[in-house]
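Novice: Sharing my_file32.pdb here; it has PDB, C-alpha atoms.
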```pdb
ATOM      1  CA  MET G 330      -1.296 238.898 -59.628
ATOM      2  CA  PRO G 331      -4.178 238.031 -62.014
ATOM      3  CA  ALA G 332      -4.350 234.413 -63.110
ATOM      4  CA  MET G 333      -4.077 235.385 -66.785
ATOM      5  CA  ARG G 334      -0.831 237.227 -66.092
ATOM      6  CA  VAL G 335       0.583 234.244 -64.212
ATOM      7  CA  ALA G 336      -0.379 231.944 -67.097
ATOM      8  CA  ALA G 337       1.221 234.324 -69.602
ATOM      9  CA  ILE G 338       4.474 234.460 -67.625
ATOM     10  CA  CYS G 339       4.515 230.664 -67.256
ATOM     11  CA  GLY G 340       3.815 230.312 -70.966
ATOM     12  CA  LEU G 341       6.709 232.570 -71.919
ATOM     13  CA  GLY G 342       8.969 230.674 -69.536
ATOM     14  CA  GLY G 343       7.851 227.403 -71.125
ATOM     15  CA  VAL G 344       8.592 228.682 -74.627
ATOM     16  CA  ALA G 345      12.047 229.753 -73.484
ATOM     17  CA  LEU G 346      12.664 226.333 -71.918
ATOM     18  CA  ALA G 347      11.564 224.531 -75.090
ATOM     19  CA  ALA G 348      13.828 226.743 -77.209
ATOM     20  CA  ILE G 349      16.778 226.077 -74.903
ATOM     21  CA  LEU G 350      16.225 222.310 -75.017
ATOM     22  CA  ILE G 351      16.089 222.328 -78.814
ATOM     23  CA  ALA G 352      19.149 224.567 -79.079
ATOM     24  CA  LEU G 353      21.168 222.373 -76.714
ATOM     25  CA  GLN G 354      20.444 219.283 -78.796
ATOM     26  CA  GLY G 355      21.054 221.086 -82.085
ATOM     27  CA  ALA G 356      18.103 222.767 -83.753
ATOM     28  CA  GLY G 357      19.250 221.641 -87.201
ATOM     29  CA  ALA G 358      19.349 217.973 -86.210
ATOM     30  CA  VAL G 359      15.979 218.172 -84.437
ATOM     31  CA  PHE G 360      14.177 219.824 -87.363
ATOM     32  CA  ALA G 361      15.865 217.520 -89.885
ATOM     33  CA  THR G 362      14.578 214.535 -87.920
ATOM     34  CA  LEU G 363      11.116 216.086 -87.800
ATOM     35  CA  ALA G 364      11.142 216.776 -91.536
ATOM     36  CA  ALA G 365      11.928 213.112 -92.203
ATOM     37  CA  GLY G 366       8.451 212.250 -90.959
ATOM     38  CA  GLY G 367       6.921 214.080 -93.905
ATOM     39  CA  PHE G 368       3.211 213.720 -94.587
ATOM     40  CA  GLY G 369       3.085 210.700 -92.289
ATOM     41  CA  LEU G 370       2.967 213.072 -89.317
ATOM     42  CA  VAL G 371      -0.301 214.447 -90.671
ATOM     43  CA  TRP G 372      -1.780 210.942 -90.500
ATOM     44  CA  ALA G 373      -0.484 210.618 -86.957
ATOM     45  CA  SER G 374      -2.177 213.903 -86.065
ATOM     46  CA  LEU G 375      -5.484 212.928 -87.676
ATOM     47  CA  PHE G 376      -5.445 209.708 -85.641
ATOM     48  CA  HIS G 377      -6.189 211.892 -82.613
ATOM     49  CA  PHE G 378      -9.830 211.971 -83.706
ATOM     50  CA  VAL G 379     -10.082 208.286 -82.728
ATOM     51  CA  PRO G 380      -9.449 208.751 -78.974
ATOM     52  CA  MET G 381     -11.501 211.964 -79.052
ATOM     53  CA  THR G 382     -14.464 210.012 -80.411
ATOM     54  CA  ILE G 383     -13.969 207.331 -77.751
ATOM     55  CA  ASN G 384     -13.935 210.012 -75.043
ATOM     56  CA  ALA G 385     -17.054 211.570 -76.528
ATOM     57  CA  HIS G 386     -18.818 208.200 -76.362
ATOM     58  CA  ALA G 387     -17.729 207.776 -72.738
ATOM     59  CA  TRP G 388     -19.119 211.199 -71.782
ATOM     60  CA  ARG G 389     -22.360 210.602 -73.701
ATOM     61  CA  ILE G 390     -23.014 207.402 -71.729
ATOM     62  CA  LEU G 391     -23.527 209.449 -68.545
ATOM     63  CA  LEU G 392     -26.670 211.120 -69.880
ATOM     64  CA  PRO G 393     -30.074 209.389 -70.129
ATOM     65  CA  HIS G 394     -31.034 208.311 -73.661
ATOM     66  CA  ARG G 395     -33.772 210.922 -73.920
ATOM     67  CA  ARG G 396     -31.319 213.725 -73.176
ATOM     68  CA  ARG G 397     -28.456 212.623 -75.411
ATOM     69  CA  THR G 398     -27.589 214.371 -78.615
ATOM     70  CA  SER G 399     -25.621 212.635 -81.384
ATOM     71  CA  LEU G 400     -22.144 211.154 -81.020
ATOM     72  CA  PRO G 401     -20.753 213.522 -83.695
ATOM     73  CA  PHE G 402     -21.960 216.484 -81.634
ATOM     74  CA  PHE G 403     -20.353 215.113 -78.460
ATOM     75  CA  THR G 404     -17.168 214.574 -80.469
ATOM     76  CA  TRP G 405     -17.330 218.220 -81.521
ATOM     77  CA  ALA G 406     -17.757 219.233 -77.854
ATOM     78  CA  VAL G 407     -14.709 217.154 -76.841
ATOM     79  CA  TRP G 408     -12.756 218.564 -79.782
ATOM     80  CA  ALA G 409     -13.552 222.131 -78.709
ATOM     81  CA  ARG G 410     -12.763 221.319 -75.070
ATOM     82  CA  GLU G 411      -9.346 219.849 -75.875
ATOM     83  CA  SER G 412      -8.547 222.675 -78.282
ATOM     84  CA  VAL G 413      -9.297 225.439 -75.787
ATOM     85  CA  ASN G 414      -7.427 223.664 -72.988
ATOM     86  CA  GLY G 415      -4.515 222.810 -75.262
ATOM     87  CA  LEU G 416      -3.897 226.208 -76.864
ATOM     88  CA  LEU G 417      -5.366 228.925 -74.659
ATOM     89  CA  PRO G 418      -4.128 230.132 -71.231
ATOM     90  CA  VAL G 419      -7.128 228.774 -69.316
ATOM     91  CA  ALA G 420      -5.375 226.415 -66.840
ATOM     92  CA  ARG G 421      -7.105 223.440 -68.488
ATOM     93  CA  ILE G 422     -10.539 224.457 -67.239
ATOM     94  CA  GLY G 423     -11.807 226.869 -69.896
ATOM     95  CA  GLY G 424     -12.395 224.004 -72.301
ATOM     96  CA  GLU G 425     -14.840 222.423 -69.852
ATOM     97  CA  VAL G 426     -16.848 225.652 -69.749
ATOM     98  CA  VAL G 427     -16.939 225.790 -73.554
ATOM     99  CA  SER G 428     -18.021 222.155 -73.933
ATOM    100  CA  ALA G 429     -20.790 222.536 -71.330
ATOM    101  CA  ARG G 430     -22.034 225.611 -73.164
ATOM    102  CA  LEU G 431     -22.093 223.695 -76.445
ATOM    103  CA  LEU G 432     -24.184 220.942 -74.868
ATOM    104  CA  MET G 433     -26.670 223.461 -73.499
ATOM    105  CA  GLN G 434     -26.869 225.147 -76.899
ATOM    106  CA  SER G 435     -27.750 221.762 -78.396
ATOM    107  CA  GLY G 436     -30.849 221.571 -76.203
ATOM    108  CA  ILE G 437     -29.564 219.655 -73.163
ATOM    109  CA  ALA G 438     -30.718 221.265 -69.904
ATOM    110  CA  ALA G 439     -28.051 223.058 -67.869
ATOM    111  CA  ALA G 440     -28.173 220.753 -64.816
ATOM    112  CA  PRO G 441     -27.605 217.420 -66.611
ATOM    113  CA  ALA G 442     -25.104 218.988 -69.023
ATOM    114  CA  VAL G 443     -22.919 220.451 -66.262
ATOM    115  CA  ALA G 444     -23.385 217.420 -63.979
ATOM    116  CA  SER G 445     -22.315 215.008 -66.729
ATOM    117  CA  LEU G 446     -19.251 217.159 -67.367
ATOM    118  CA  VAL G 447     -18.268 217.184 -63.671
ATOM    119  CA  VAL G 448     -18.587 213.401 -63.398
ATOM    120  CA  ASP G 449     -16.750 212.957 -66.705
ATOM    121  CA  MET G 450     -13.892 215.134 -65.364
ATOM    122  CA  THR G 451     -13.791 213.121 -62.144
ATOM    123  CA  LEU G 452     -13.602 209.811 -63.982
ATOM    124  CA  CYS G 453     -10.957 211.291 -66.284
ATOM    125  CA  ILE G 454      -8.773 211.956 -63.235
ATOM    126  CA  VAL G 455      -9.300 208.355 -62.079
ATOM    127  CA  THR G 456      -8.552 206.795 -65.457
ATOM    128  CA  GLN G 457      -5.490 208.969 -66.044
ATOM    129  CA  PHE G 458      -4.189 207.894 -62.638
ATOM    130  CA  ILE G 459      -4.635 204.223 -63.610
ATOM    131  CA  PHE G 460      -3.103 204.867 -67.029
ATOM    132  CA  THR G 461      -0.082 206.539 -65.433
ATOM    133  CA  ILE G 462       0.376 203.616 -63.051
ATOM    134  CA  LEU G 463       0.369 201.334 -66.109
ATOM    135  CA  GLY G 464       3.000 203.538 -67.737
ATOM    136  CA  LEU G 465       5.191 203.498 -64.620
ATOM    137  CA  ALA G 466       4.948 199.708 -64.459
ATOM    138  CA  LEU G 467       6.020 199.515 -68.101
ATOM    139  CA  LEU G 468       8.848 201.966 -67.403
ATOM    140  CA  VAL G 469      10.233 199.884 -64.535
ATOM    141  CA  SER G 470       9.833 196.688 -66.551
ATOM    142  CA  ARG G 471      11.489 198.247 -69.609
ATOM    143  CA  THR G 472      14.373 200.122 -67.976
ATOM    144  CA  GLY G 473      14.579 199.089 -64.342
ATOM    145  CA  ASP G 474      14.875 202.802 -63.524
ATOM    146  CA  LEU G 475      13.186 203.185 -60.154
ATOM    147  CA  ALA G 476      14.369 206.772 -59.609
ATOM    148  CA  VAL G 477      12.303 208.422 -62.355
ATOM    149  CA  ALA G 478       9.331 206.127 -61.752
ATOM    150  CA  GLY G 479       9.517 206.835 -58.031
ATOM    151  CA  SER G 480       9.574 210.606 -58.556
ATOM    152  CA  ILE G 481       6.480 210.477 -60.760
ATOM    153  CA  ALA G 482       4.776 208.077 -58.348
ATOM    154  CA  LEU G 483       5.370 210.511 -55.475
ATOM    155  CA  GLY G 484       3.687 213.208 -57.523
ATOM    156  CA  LEU G 485       0.719 210.899 -58.043
ATOM    157  CA  LEU G 486       0.502 210.127 -54.339
ATOM    158  CA  ALA G 487       0.503 213.833 -53.549
ATOM    159  CA  ALA G 488      -2.453 214.309 -55.883
ATOM    160  CA  ILE G 489      -4.569 211.525 -54.345
ATOM    161  CA  PRO G 490      -5.943 213.599 -51.421
ATOM    162  CA  ALA G 491      -7.065 216.339 -53.811
ATOM    163  CA  GLY G 492      -8.780 213.785 -56.047
ATOM    164  CA  ILE G 493     -10.557 212.168 -53.102
ATOM    165  CA  ALA G 494     -11.630 215.570 -51.800
ATOM    166  CA  PHE G 495     -13.036 216.484 -55.229
ATOM    167  CA  PHE G 496     -15.103 213.291 -55.259
ATOM    168  CA  VAL G 497     -16.301 213.695 -51.662
ATOM    169  CA  VAL G 498     -17.519 217.265 -52.115
ATOM    170  CA  GLN G 499     -19.514 216.089 -55.126
ATOM    171  CA  ARG G 500     -21.267 213.572 -52.903
ATOM    172  CA  TYR G 501     -22.057 216.233 -50.298
ATOM    173  CA  GLY G 502     -23.053 219.048 -52.619
ATOM    174  CA  LEU G 503     -20.204 220.573 -54.606
ATOM    175  CA  PHE G 504     -22.271 223.310 -56.211
ATOM    176  CA  VAL G 505     -24.089 224.301 -53.028
ATOM    177  CA  ILE G 506     -20.705 224.650 -51.321
ATOM    178  CA  LEU G 507     -19.435 226.841 -54.170
ATOM    179  CA  ALA G 508     -22.634 228.896 -54.163
ATOM    180  CA  LYS G 509     -22.302 229.526 -50.427
ATOM    181  CA  LEU G 510     -18.728 230.680 -50.967
ATOM    182  CA  PHE G 511     -19.935 233.081 -53.649
ATOM    183  CA  ARG G 512     -22.660 234.320 -51.283
ATOM    184  CA  THR G 513     -20.076 234.931 -48.558
ATOM    185  CA  VAL G 514     -17.808 236.857 -50.911
ATOM    186  CA  MET G 515     -20.555 238.770 -52.724
ATOM    187  CA  GLY G 516     -22.652 239.592 -49.650
ATOM    188  CA  GLY G 517     -25.810 237.823 -50.807
ATOM    189  CA  LYS G 518     -25.945 239.499 -54.215
ATOM    190  CA  LEU G 519     -25.882 236.101 -55.942
ATOM    191  CA  ASP G 520     -28.367 234.224 -53.731
ATOM    192  CA  PHE G 521     -30.180 233.040 -56.840
ATOM    193  CA  LEU G 522     -27.213 230.742 -57.480
ATOM    194  CA  VAL G 523     -28.048 228.596 -54.451
ATOM    195  CA  GLY G 524     -31.241 227.319 -55.984
ATOM    196  CA  ARG G 525     -29.481 226.451 -59.226
ATOM    197  CA  ALA G 526     -26.701 224.773 -57.233
ATOM    198  CA  ASP G 527     -29.252 222.453 -55.614
ATOM    199  CA  ALA G 528     -30.422 221.336 -59.046
ATOM    200  CA  LEU G 529     -26.854 220.742 -60.222
ATOM    201  CA  ASP G 530     -26.007 218.669 -57.153
ATOM    202  CA  ARG G 531     -29.146 216.582 -57.612
ATOM    203  CA  ALA G 532     -28.174 215.972 -61.245
ATOM    204  CA  VAL G 533     -24.702 214.806 -60.147
ATOM    205  CA  GLN G 534     -26.260 212.422 -57.602
ATOM    206  CA  VAL G 535     -28.586 211.001 -60.269
ATOM    207  CA  ILE G 536     -25.565 210.090 -62.409
ATOM    208  CA  TYR G 537     -23.731 208.410 -59.520
ATOM    209  CA  GLN G 538     -26.890 206.439 -58.704
ATOM    210  CA  ARG G 539     -26.442 204.631 -62.024
ATOM    211  CA  PRO G 540     -23.159 202.770 -61.364
ATOM    212  CA  GLY G 541     -23.462 200.780 -64.586
ATOM    213  CA  ARG G 542     -23.203 203.938 -66.667
ATOM    214  CA  VAL G 543     -20.386 205.290 -64.508
ATOM    215  CA  LEU G 544     -18.420 202.043 -64.908
ATOM    216  CA  ARG G 545     -18.969 201.965 -68.669
ATOM    217  CA  CYS G 546     -17.831 205.592 -68.938
ATOM    218  CA  LEU G 547     -14.726 204.782 -66.894
ATOM    219  CA  LEU G 548     -13.844 201.776 -69.067
ATOM    220  CA  TRP G 549     -14.323 203.720 -72.302
ATOM    221  CA  GLN G 550     -12.215 206.577 -70.953
ATOM    222  CA  PHE G 551      -9.400 204.205 -70.091
ATOM    223  CA  ALA G 552      -9.662 202.725 -73.572
ATOM    224  CA  GLY G 553      -9.338 206.258 -74.939
ATOM    225  CA  TRP G 554      -6.086 206.800 -73.026
ATOM    226  CA  VAL G 555      -4.633 203.547 -74.348
ATOM    227  CA  VAL G 556      -5.734 204.134 -77.946
ATOM    228  CA  ALA G 557      -4.239 207.656 -77.851
ATOM    229  CA  ALA G 558      -0.792 206.034 -77.645
ATOM    230  CA  GLY G 559      -1.353 204.951 -81.245
ATOM    231  CA  GLU G 560      -0.668 208.531 -82.301
ATOM    232  CA  LEU G 561       2.906 208.321 -80.989
ATOM    233  CA  TRP G 562       3.321 204.848 -82.460
ATOM    234  CA  ILE G 563       2.358 206.147 -85.923
ATOM    235  CA  ALA G 564       4.510 209.274 -85.580
ATOM    236  CA  LEU G 565       7.621 207.325 -84.617
ATOM    237  CA  TYR G 566       7.017 204.872 -87.455
ATOM    238  CA  PHE G 567       7.128 207.711 -89.980
ATOM    239  CA  LEU G 568      10.051 209.356 -88.160
ATOM    240  CA  GLY G 569      12.028 206.196 -88.876
ATOM    241  CA  HIS G 570      12.154 204.834 -85.322
ATOM    242  CA  PRO G 571       9.340 202.266 -84.951
ATOM    243  CA  ILE G 572       8.601 201.114 -81.401
ATOM    244  CA  GLY G 573       6.348 198.588 -79.745
ATOM    245  CA  ILE G 574       2.891 199.540 -78.509
ATOM    246  CA  GLY G 575       4.087 199.028 -74.929
ATOM    247  CA  ASP G 576       6.725 201.742 -75.346
ATOM    248  CA  ALA G 577       4.142 203.999 -76.995
ATOM    249  CA  ILE G 578       1.822 203.572 -73.998
ATOM    250  CA  LEU G 579       4.759 204.218 -71.676
ATOM    251  CA  ILE G 580       5.652 207.516 -73.384
ATOM    252  CA  GLU G 581       2.033 208.649 -73.706
ATOM    253  CA  SER G 582       1.071 207.905 -70.111
ATOM    254  CA  VAL G 583       4.088 209.498 -68.444
ATOM    255  CA  THR G 584       4.253 212.593 -70.660
ATOM    256  CA  GLN G 585       0.513 213.158 -70.233
ATOM    257  CA  ALA G 586       0.937 212.941 -66.457
ATOM    258  CA  ILE G 587       3.784 215.456 -66.572
ATOM    259  CA  SER G 588       1.779 217.797 -68.806
ATOM    260  CA  SER G 589      -1.278 217.582 -66.549
ATOM    261  CA  ALA G 590       0.850 218.425 -63.525
ATOM    262  CA  ALA G 591       1.992 221.591 -65.339
ATOM    263  CA  PHE G 592      -1.601 222.748 -65.945
ATOM    264  CA  ILE G 593      -0.757 226.377 -65.141
ATOM    265  CA  VAL G 594       1.583 226.513 -68.175
ATOM    266  CA  PRO G 595      -0.459 227.005 -71.377
ATOM    267  CA  GLY G 596      -0.152 223.835 -73.424
ATOM    268  CA  ALA G 597       2.520 222.626 -70.952
ATOM    269  CA  VAL G 598       5.028 224.296 -73.306
ATOM    270  CA  GLY G 599       8.586 223.400 -72.389
ATOM    271  CA  VAL G 600       7.467 220.963 -69.697
ATOM    272  CA  GLN G 601       6.100 218.515 -72.256
ATOM    273  CA  GLU G 602       9.283 218.771 -74.340
ATOM    274  CA  GLY G 603      11.366 218.047 -71.239
ATOM    275  CA  GLY G 604       9.183 215.041 -70.469
ATOM    276  CA  PHE G 605       9.651 213.616 -73.962
ATOM    277  CA  LEU G 606      13.399 214.154 -73.662
ATOM    278  CA  VAL G 607      13.699 212.364 -70.300
ATOM    279  CA  ILE G 608      11.395 209.440 -71.101
ATOM    280  CA  GLY G 609      12.740 209.094 -74.633
ATOM    281  CA  ASN G 610      16.271 208.818 -73.291
ATOM    282  CA  LEU G 611      15.194 206.021 -70.932
ATOM    283  CA  ILE G 612      13.786 203.876 -73.741
ATOM    284  CA  GLY G 613      16.557 204.506 -76.261
ATOM    285  CA  LEU G 614      15.344 207.482 -78.313
ATOM    286  CA  SER G 615      18.080 209.898 -79.301
ATOM    287  CA  PRO G 616      17.616 213.452 -77.958
ATOM    288  CA  GLU G 617      16.870 214.822 -81.419
ATOM    289  CA  MET G 618      14.316 212.043 -82.024
ATOM    290  CA  ALA G 619      12.610 212.678 -78.677
ATOM    291  CA  LEU G 620      12.376 216.410 -79.350
ATOM    292  CA  ALA G 621      11.212 215.799 -82.927
ATOM    293  CA  LEU G 622       8.436 213.648 -81.468
ATOM    294  CA  ALA G 623       7.545 216.463 -79.048
ATOM    295  CA  LEU G 624       7.427 218.923 -81.946
ATOM    296  CA  ALA G 625       5.242 216.499 -83.904
ATOM    297  CA  ARG G 626       2.811 216.672 -80.964
ATOM    298  CA  ARG G 627       2.932 220.477 -81.189
ATOM    299  CA  ALA G 628       2.260 220.278 -84.915
ATOM    300  CA  ARG G 629      -0.733 218.071 -84.080
ATOM    301  CA  ASP G 630      -2.048 220.756 -81.758
ATOM    302  CA  LEU G 631      -1.883 223.374 -84.505
ATOM    303  CA  LEU G 632      -3.326 221.110 -87.196
ATOM    304  CA  ILE G 633      -6.204 219.742 -85.103
ATOM    305  CA  PHE G 634      -6.910 222.365 -82.449
ATOM    306  CA  VAL G 635      -6.658 225.667 -84.344
ATOM    307  CA  PRO G 636      -9.534 224.813 -86.745
ATOM    308  CA  ALA G 637     -11.728 223.880 -83.775
ATOM    309  CA  ILE G 638     -11.076 227.199 -82.030
ATOM    310  CA  VAL G 639     -11.792 229.090 -85.266
ATOM    311  CA  ALA G 640     -15.038 227.122 -85.760
ATOM    312  CA  TRP G 641     -16.083 227.697 -82.136
ATOM    313  CA  GLN G 642     -15.450 231.445 -82.387
ATOM    314  CA  ALA G 643     -17.327 231.604 -85.693
ATOM    315  CA  ARG G 644     -20.264 229.797 -84.078
ATOM    316  CA  GLU G 645     -20.270 232.198 -81.124
ATOM    317  CA  GLY G 646     -20.035 235.161 -83.503
ATOM    318  CA  GLN G 647     -23.048 233.932 -85.460
ATOM    319  CA  ARG G 648     -25.091 233.516 -82.281
ATOM    320  CA  LEU G 649     -24.132 237.004 -81.090
ATOM    321  CA  LEU G 650     -25.005 238.502 -84.473
ATOM    322  CA  ALA G 651     -28.375 236.716 -84.445
ATOM    323  CA  ARG G 652     -29.188 238.169 -81.019
ATOM    324  CA  VAL G 653     -28.218 241.674 -82.129
ATOM    325  CA  GLN G 654     -30.390 241.425 -85.247
ATOM    326  CA  CYS G 655     -33.341 240.305 -83.164
TER     327      CYS G 655
END
```
Translate the structure of the given file into structure tokens.

Specialist:
Amino acid sequence: MPAMRVAAICGLGGVALAAILIALQGAGAVFATLAAGGFGLVWASLFHFVPMTINAHAWRILLPHRRRTSLPFFTWAVWARESVNGLLPVARIGGEVVSARLLMQSGIAAAPAVASLVVDMTLCIVTQFIFTILGLALLVSRTGDLAVAGSIALGLLAAIPAGIAFFVVQRYGLFVILAKLFRTVMGGKLDFLVGRADALDRAVQVIYQRPGRVLRCLLWQFAGWVVAAGELWIALYFLGHPIGIGDAILIESVTQAISSAAFIVPGAVGVQEGGFLVIGNLIGLSPEMALALALARRARDLLIFVPAIVAWQAREGQRLLARVQC
């Protein structure tokens, strides 16, 4: 079954799950709670540009000064990446392709652009793992509930081998390995990819040979995860249920981990709502408040991500038109 069809089926199932959860808790009560947030939820959504800018700075650090473009452009690339991954059925990988393409269009050579993206993705996995561990520690400290924390921790442990393998193959030539697989499947028709793969692997090695930059990127990425919790803190303030920053970090870290685990479901629809409901219940949020918070996150996606996708498509359309006219 094609991947797109699987993603579509999972997406429809997620929508159905989200609708069921809202109906079970009372759609009227959930939407009334959401409406109470008013225009304040727009401010909470706009706050998302802060962690996006931090993540853009972290990614930019990986490139040499002479090859860097501006921070606003990197922020645009991160914005487009998150928007594509968040709204389109691309299994959270299509956004990386789009952002790498944007960097190359800005004048950055293909090898350093793609290599920086691969290392940035790797460090993102590491920092999210650390951030989730922080959230689980806060969860146990806040609620004493070892069952939920243990279940999530087991999921993290299961993902460790895959993360280590991803890092190891980078050290031993990720792109050459992929190119050889393509050559095996395509019968040598894409042999030209092997040469390009060598250049990409060398570019990845160059980045890892500068541990200072890698460490700075990692620290800035972790800061981005922590700052992103401010969005939930602001949203709950306007929803009439202010919480401490520790609880905001707890909710953000655990729900992000749950959403990442459900990468095959477009936008983690339904799964994310369930995560908010479970974690919210553990820290004292009413079901309607937890689901209103989840819907506020969905509203953020539409408010912030849709314009980026429209702008990206308009940009691609202009480039295509320019090529046709030439």

Novice: Point out the residue among G:Phe368, G:Ala429, G:Leu650, G:Gly415 with the least atom-to-atom distance to Val598 (chain G), counting only C-alpha atoms.

Specialist: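 Among the listed residues, G:Gly415 lies closest to Val598 (chain G).
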
Novice: Name all residues at most 7 Å from region 612-617 of chain G (count all atoms listed in the file; drop same-chain ones fewer than 5 positions away) and give them as number ranges by chain.

Specialist: G: 354, 358-359, 362, 472, 606

Novice: Determine, counting all atoms listed in the file, which protein, DNA and RNA residues have an atom within 12 Å of an atom of Phe360 (chain G); residues of the same chain fewer than 3 positions away are not included. Present the result as JSON, numbers by chain.

Specialist: {"G": [351, 352, 354, 355, 356, 357, 363, 364, 365, 366, 367, 568, 616, 617, 618, 619, 620, 621, 622, 623, 624, 625]}

Novice: Give me a file of those residues, with C-alpha atoms, as a PDB file, keeping the file's coordinate frame.

Specialist:
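The file below, out23.pdb, is the result:
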```pdb
ATOM      1  CA  ILE G 351      16.089 222.328 -78.814  1.00  0.00           C
ATOM      2  CA  ALA G 352      19.149 224.567 -79.079  1.00  0.00           C
ATOM      3  CA  GLN G 354      20.444 219.283 -78.796  1.00  0.00           C
ATOM      4  CA  GLY G 355      21.054 221.086 -82.085  1.00  0.00           C
ATOM      5  CA  ALA G 356      18.103 222.767 -83.753  1.00  0.00           C
ATOM      6  CA  GLY G 357      19.250 221.641 -87.201  1.00  0.00           C
ATOM      7  CA  LEU G 363      11.116 216.086 -87.800  1.00  0.00           C
ATOM      8  CA  ALA G 364      11.142 216.776 -91.536  1.00  0.00           C
ATOM      9  CA  ALA G 365      11.928 213.112 -92.203  1.00  0.00           C
ATOM     10  CA  GLY G 366       8.451 212.250 -90.959  1.00  0.00           C
ATOM     11  CA  GLY G 367       6.921 214.080 -93.905  1.00  0.00           C
ATOM     12  CA  LEU G 568      10.051 209.356 -88.160  1.00  0.00           C
ATOM     13  CA  PRO G 616      17.616 213.452 -77.958  1.00  0.00           C
ATOM     14  CA  GLU G 617      16.870 214.822 -81.419  1.00  0.00           C
ATOM     15  CA  MET G 618      14.316 212.043 -82.024  1.00  0.00           C
ATOM     16  CA  ALA G 619      12.610 212.678 -78.677  1.00  0.00           C
ATOM     17  CA  LEU G 620      12.376 216.410 -79.350  1.00  0.00           C
ATOM     18  CA  ALA G 621      11.212 215.799 -82.927  1.00  0.00           C
ATOM     19  CA  LEU G 622       8.436 213.648 -81.468  1.00  0.00           C
ATOM     20  CA  ALA G 623       7.545 216.463 -79.048  1.00  0.00           C
ATOM     21  CA  LEU G 624       7.427 218.923 -81.946  1.00  0.00           C
ATOM     22  CA  ALA G 625       5.242 216.499 -83.904  1.00  0.00           C
TER      23      ALA G 625
END
```

Novice: I'd like the interatomic distance between CA of Ala440 (chain G) and CA of Leu529 (chain G), to a tenth of an Å.

Specialist: 4.8 Å

Novice: Go through G:Val594, G:Ile608, G:Ile422, G:Val448 one by one, measure the shortest atom-to-atom distance of each to Ile390 (chain G) using all atoms listed in the file, and give the residue with the smallest value.

Specialist: G:Val448
